[in-house]
Amino acid sequence: MKFKIAPATIGWWYWMLTLLAMIAGLAGRIEGFYAVVAISAVQFVHFLFKDGFAALTTQIRLVYGAFTVLALLDPSRLLFGLMLIGTIMVTFFDRCIIAKVLLLMPWNRKAGAGSMTH
């Protein structure tokens with residue numbers, strides 16, 4: 001696995017802010033979890049208007065946002081812990097399990113290769 005960051009893209013900054021907020025939340029600052037949800041909503045709307053609903057980048061943000069809301073309901077914070085691992089992978093290695101699963105969906109069979117998250 002190759003270290004790959006893309007600070008020149010807005011998508012990378014969204015993921016970095018999400019990562020920092022999630023770390024704050026897992027460190028005991030409940031506001032961090034609310035920030036994760038807010039950042040997820042903002043980036044979903046951004047990519048919705050930028051790329052359209054059918055775009056893989058938008059679909060990733062929709063699924064991720066749904067997971068963040070679901071994670072708020074989990075008092076153990078286990079789901080946020082799992083999402084932390086995924087967010088680290090996206091931020092520093094451009095690897096996204098959500099993208100990989102979405103690419104298997106019938107409506108995404110013709111999606112192109114390249115960066116899946118930025």
# chains A, B, ... in the order shown; residues from 1 in each chain; ligands from 1
$ residues_around --residues "stretch 58-61 of chain A" --least-positions-apart "5" --cutoff "6 Å" --atoms "only C-alpha atoms" --output "VMD selection string"
chain A and resid 44 47 to 48 53
$ residues_around --residues "stretch 82-91 of chain A" --least-positions-apart "2" --cutoff "8 Å" --atoms "only C-alpha atoms" --output "VMD selection string"
chain A and resid 5 12 15 to 16 18 to 19 22 to 23 78 to 80 93 to 97 117
$ write_last_selection --atoms "N, CA and C atoms" --output "CSV table (one decimal), in the first residue's frame"
chain,number,residue,atom,x,y,z
A,5,ILE,N,-1.4,11.3,-0.5
A,5,ILE,CA,-2.3,12.3,-0.1
A,5,ILE,C,-2.5,13.3,-1.2
A,12,TRP,N,-9.9,16.0,-0.4
A,12,TRP,CA,-8.9,15.5,0.6
A,12,TRP,C,-9.1,16.3,1.9
A,15,TRP,N,-11.9,15.1,4.0
A,15,TRP,CA,-11.6,13.9,4.7
A,15,TRP,C,-10.7,14.2,5.9
A,16,MET,N,-9.7,15.1,5.7
A,16,MET,CA,-8.8,15.5,6.8
A,16,MET,C,-9.6,16.1,7.9
A,18,THR,N,-12.7,15.7,8.6
A,18,THR,CA,-13.5,14.7,9.2
A,18,THR,C,-12.7,13.8,10.1
A,19,LEU,N,-11.5,13.5,9.7
A,19,LEU,CA,-10.6,12.6,10.5
A,19,LEU,C,-10.3,13.3,11.8
A,22,MET,N,-13.3,13.4,14.1
A,22,MET,CA,-13.5,12.0,14.6
A,22,MET,C,-12.6,11.7,15.7
A,23,ILE,N,-11.3,12.0,15.6
A,23,ILE,CA,-10.3,11.8,16.6
A,23,ILE,C,-10.7,12.6,17.9
A,78,LEU,N,-18.3,2.1,18.8
A,78,LEU,CA,-17.6,1.1,18.0
A,78,LEU,C,-17.6,1.5,16.5
A,79,LEU,N,-18.8,1.9,16.0
A,79,LEU,CA,-18.9,2.2,14.6
A,79,LEU,C,-18.0,3.4,14.2
A,80,PHE,N,-17.9,4.4,15.1
A,80,PHE,CA,-17.0,5.5,14.9
A,80,PHE,C,-15.6,5.0,14.9
A,93,PHE,N,-4.2,7.1,2.1
A,93,PHE,CA,-3.9,6.0,1.1
A,93,PHE,C,-4.8,6.0,-0.1
A,94,ASP,N,-5.8,6.9,-0.1
A,94,ASP,CA,-6.8,7.0,-1.2
A,94,ASP,C,-7.5,5.6,-1.4
A,95,ARG,N,-7.7,4.9,-0.4
A,95,ARG,CA,-8.4,3.6,-0.4
A,95,ARG,C,-9.7,3.7,0.3
A,96,CYS,N,-10.8,3.3,-0.3
A,96,CYS,CA,-12.1,3.5,0.3
A,96,CYS,C,-13.0,2.2,0.1
A,97,ILE,N,-13.3,1.6,1.2
A,97,ILE,CA,-14.1,0.3,1.1
A,97,ILE,C,-15.5,0.7,0.7
A,117,THR,N,-12.2,8.9,-4.2
A,117,THR,CA,-12.7,9.7,-3.1
A,117,THR,C,-12.6,11.2,-3.2
$ atom_distance --atom1 "atom CA of A:Ala55" --atom2 "atom CA of A:Asn108"
8.7 Å
$ closest_residue --among "A:Val45, A:Gly52, A:Phe33, A:Leu17" --to "A:Asp74" --atoms "only C-alpha atoms"
A:Phe33
$ select_by_dssp --residues "stretch 8-98 of chain A" --states "helix (DSSP H, G or I)" --output "ChimeraX atom specification"
/A:10-26,30-51,56-72,78-93,97-98
$ closest_residue --among "A:Asp51, A:Ala8, A:Trp107, A:Ala99" --to "A:Tyr64" --atoms "only C-alpha atoms"
A:Ala99
$ closest_residue --among "A:Met105, A:Phe92, A:Leu72, A:Glu31" --to "A:Trp13" --atoms "only C-alpha atoms"
A:Phe92
$ decode --residues "stretch 12-32 of chain A" --atoms "N, CA and C atoms" --output "CSV table (one decimal), in the first residue's frame"
chain,number,residue,atom,x,y,z
A,12,TRP,N,-9.9,16.0,-0.4
A,12,TRP,CA,-8.9,15.5,0.6
A,12,TRP,C,-9.1,16.3,1.9
A,13,TRP,N,-9.3,17.6,1.8
A,13,TRP,CA,-9.5,18.5,3.0
A,13,TRP,C,-10.7,18.1,3.7
A,14,TYR,N,-11.8,17.8,3.0
A,14,TYR,CA,-13.0,17.3,3.7
A,14,TYR,C,-12.7,16.1,4.6
A,15,TRP,N,-11.9,15.1,4.0
A,15,TRP,CA,-11.6,13.9,4.7
A,15,TRP,C,-10.7,14.2,5.9
A,16,MET,N,-9.7,15.1,5.7
A,16,MET,CA,-8.8,15.5,6.8
A,16,MET,C,-9.6,16.1,7.9
A,17,LEU,N,-10.5,17.0,7.6
A,17,LEU,CA,-11.3,17.7,8.7
A,17,LEU,C,-12.1,16.6,9.4
A,18,THR,N,-12.7,15.7,8.6
A,18,THR,CA,-13.5,14.7,9.2
A,18,THR,C,-12.7,13.8,10.1
A,19,LEU,N,-11.5,13.5,9.7
A,19,LEU,CA,-10.6,12.6,10.5
A,19,LEU,C,-10.3,13.3,11.8
A,20,LEU,N,-9.9,14.6,11.8
A,20,LEU,CA,-9.6,15.3,13.0
A,20,LEU,C,-10.8,15.4,13.9
A,21,ALA,N,-11.9,15.7,13.4
A,21,ALA,CA,-13.1,15.8,14.2
A,21,ALA,C,-13.5,14.4,14.9
A,22,MET,N,-13.3,13.4,14.1
A,22,MET,CA,-13.5,12.0,14.6
A,22,MET,C,-12.6,11.7,15.7
A,23,ILE,N,-11.3,12.0,15.6
A,23,ILE,CA,-10.3,11.8,16.6
A,23,ILE,C,-10.7,12.6,17.9
A,24,ALA,N,-11.2,13.8,17.7
A,24,ALA,CA,-11.6,14.6,18.9
A,24,ALA,C,-12.8,13.9,19.5
A,25,GLY,N,-13.7,13.4,18.8
A,25,GLY,CA,-14.9,12.8,19.3
A,25,GLY,C,-14.5,11.5,20.1
A,26,LEU,N,-13.6,10.7,19.5
A,26,LEU,CA,-13.2,9.5,20.2
A,26,LEU,C,-12.3,9.8,21.4
A,27,ALA,N,-11.7,11.0,21.4
A,27,ALA,CA,-10.9,11.4,22.6
A,27,ALA,C,-11.8,11.9,23.7
A,28,GLY,N,-13.1,12.0,23.5
A,28,GLY,CA,-14.0,12.4,24.6
A,28,GLY,C,-14.8,13.7,24.3
A,29,ARG,N,-14.5,14.4,23.2
A,29,ARG,CA,-15.2,15.6,22.9
A,29,ARG,C,-16.4,15.3,22.0
A,30,ILE,N,-17.6,15.2,22.6
A,30,ILE,CA,-18.8,14.8,21.9
A,30,ILE,C,-19.0,15.8,20.7
A,31,GLU,N,-18.6,17.0,20.8
A,31,GLU,CA,-18.7,17.9,19.7
A,31,GLU,C,-18.0,17.4,18.4
A,32,GLY,N,-17.0,16.7,18.6
A,32,GLY,CA,-16.3,16.1,17.5
A,32,GLY,C,-17.2,15.2,16.6
